[in-house]
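Engineer: This is the structure I have questions about; it appears just below.
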Amino acid sequence: MIDGKITFDRMARWLIIAAAILAVYFTLDYLSAVLLPFFIAWLFAYLLYPLVKFIQYKLHVKVRAVSIVLAMLLVIAVLTGVVWLIIPPMVEQFGAFTKLMTRYLHDATHIRNFPDAISWWMQENSHEIEKFLKSDNFTSTLKELAPRLFNVVSETMSIIVSIIASAITLLYMFFILLDYEYLSEKWVTVFPKSDRPFWRELISDVEVALNNYIRGQGLVALIMGILFCIGFSIIGLPMAIGLGILIGIMDMVPYLHTLALIPAAFLAAMRAAETGQNYWVMLGLVVLVFCVVQLIIESIVIPKIMGKKMGLNPAVLLLSLSIWGALLGFIGLIVALPATTIIIAYWKKYVTKEDA
């Protein structure tokens with residue numbers, strides 16, 4: 001533990017350090033909307049830099065800006081290929097599902113032309129419809145729907161703002177990659193010379209932790225994607241390979257793949273409608289695949305891969321994801337494991353003195 005008595009000067013320094021940490025935290029929280037695109041751009045630049053360097057030096061593209069553009073186009077092409085592998089079959093399955101539902105409604109209601117049936121019903125009940133439109137119930141319903149309509153408009157504006165923020169992030173990333181080496185070396189000059197060795201060591205440790213996390217989580221996501229492809233193929237789920245690939249990509253952020261239950265349930269309905277199977281049995285098989293794969297990943301893959309890469313107990317992994325996710329949201333889930341590894345390492349080094 002820390003040696004020495006607790007003096008007034010030491011207590012004052014601790015209070016000043018704590019106040020400085022709180023001030024930095026609240027400042028970052030206040031400026032989060034402005035700083036978030038920059039930090040995301042730096043993370044993407046860090047991930048894209050090896051590819052840019054390969055294109056520039058191995059493929060002899062001497063102009064850095066051209067190398068950056070080629071790297072970005074290559075990544076976009078890969079992502080487009082993945083989307084093309086997943087989305088068109090999903091649209092095709094949705095079209096087939098719509099046809100099945102229409103046929104089912106025709107058989108159940110014995111109505112062959114729904115637009116004509118709706119028009120006839122409106123003509124037959126025009127008096128009741130007019131009476132309802134003039135009633136107090138309709139007015140109160142409009143009053144209830146107005147705020148919801150405003151929320152829809154607000155959400156639309158949020159999407160527009162997100163698109164603009166994405167464009168700004170790409171611009172940030174381009175300029176960061178343009179002078180990546182210079183920025184990586186010179187950022188430490190903002191600190192006093194006496195403190196620079198500490199910050200260089202810190203950023204080196206962060207880079208090692210981030211590399212370990214990306215490699216480890218990438219391997220976990222690959223194994224998960226393969227297991228889901230096998231499981232979905234065994235139960236005969238439509239788009240088994242495409243959905244498995246999508247789940248593997250989603251798992252680059254831990255536990256984000258659980259959202260894939262929604263399209264999986266839809267595909268289970270498609271399978272049940274096409275084959276005449278009981279939908280709940282098919283959905284149960286889908287849930288069973290999720291449970292079995294999750295059990296294998298949690299009990300075998302993550303402890304063996306991420307536990308060794310990050311040096312963290314599985315319980316600590318889950319706790320760190322919960323805490324960082326609550327603090328920083330989606331970005332917190334990405335940085336949770338490397339950040340926790342760094343904090344534990346520096347706590348052992350500077351507080352408990354275990355490395356001393």
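Identifiers in this document derive from the order of the structure tokens: chains are assigned A, B, ..., residues are numbered from 1 separately in each chain, and ligands are numbered from 1 in order of occurrence.
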Using DSSP assignments from the backbone, pull out every residue in segment 41-91 of chain A that falls under alpha helix (DSSP H) and give it to me as a PyMOL selection string.

Structural biologist: chain A and resi 41-53+64-91

Engineer: Distance atom CA of Ile249 of chain A-atom CA of Leu48 of chain A, one decimal place?

Structural biologist: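 Atom CA of Ile249 of chain A sits 16.8 Å away from atom CA of Leu48 of chain A.
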
Engineer: Identify which of the residues A:Gln56, A:Thr80, A:Ser320, A:Thr169 lies closest to Phe39 of chain A, counting only C-alpha atoms when measuring atom-to-atom distances.

Structural biologist: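 Once distances to Phe39 of chain A are computed over only C-alpha atoms, the minimum belongs to A:Thr169.
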
Engineer: Quick one: residues within 7 Å of segment 283-285 of chain A, only C-alpha atoms counted, chain neighbours fewer than 2 positions away excluded, as number ranges by chain?

Structural biologist: A: 235, 265, 268, 279-281, 287-289

Engineer: Give me, as a VMD selection string, all polymer residues having an atom no more than 10 Å from Arg271 of chain A, counting only C-alpha atoms and skipping those fewer than 4 positions away in the same chain.

Structural biologist: chain A and resid 93 97 235 to 238 265 to 267 275 to 279 282 to 283

Engineer: Rounded to one decimal, what separation in Å do you get between atom CA of Gly242 of chain A and atom CA of Cys229 of chain A?

Structural biologist: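 Distance between the two atoms: 7.9 Å.
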
Engineer: What does the distance from atom CA of Ile343 of chain A to atom CA of Asn212 of chain A come to in Å, to one decimal?

Structural biologist: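 So the answer is 15.3 Å.
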
Engineer: Which polymer residues have any atom within 8 Å of an atom of segment 205-210 of chain A, counting only C-alpha atoms, with same-chain residues fewer than 6 positions away left out, as a ChimeraX atom specification?

Structural biologist: /A:310,338-339,341-342

Engineer: Hey, which of A:Met239, A:Leu178, A:Ile223, A:Ala326 ends up closest to Pro88 of chain A? Count only C-alpha atoms.

Structural biologist: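 Comparing A:Met239, A:Leu178, A:Ile223, A:Ala326 against Pro88 of chain A, the winner is A:Met239.
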
Engineer: Pick out the closest residue to Trp42 of chain A from this set: A:Ile68, A:Val292, A:Met173, A:Phe198. Count only C-alpha atoms.

Structural biologist: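 Among the listed residues, the smallest separation from Trp42 of chain A belongs to A:Met173.
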
Engineer: So which one's closest to Ala260 of chain A, A:Ile16, A:Val286, A:Ala315, A:Ala272? Using only C-alpha atoms, please.

Structural biologist: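 Checking each of A:Ile16, A:Val286, A:Ala315, A:Ala272 against Ala260 of chain A, counting only C-alpha atoms, the winner is A:Val286.
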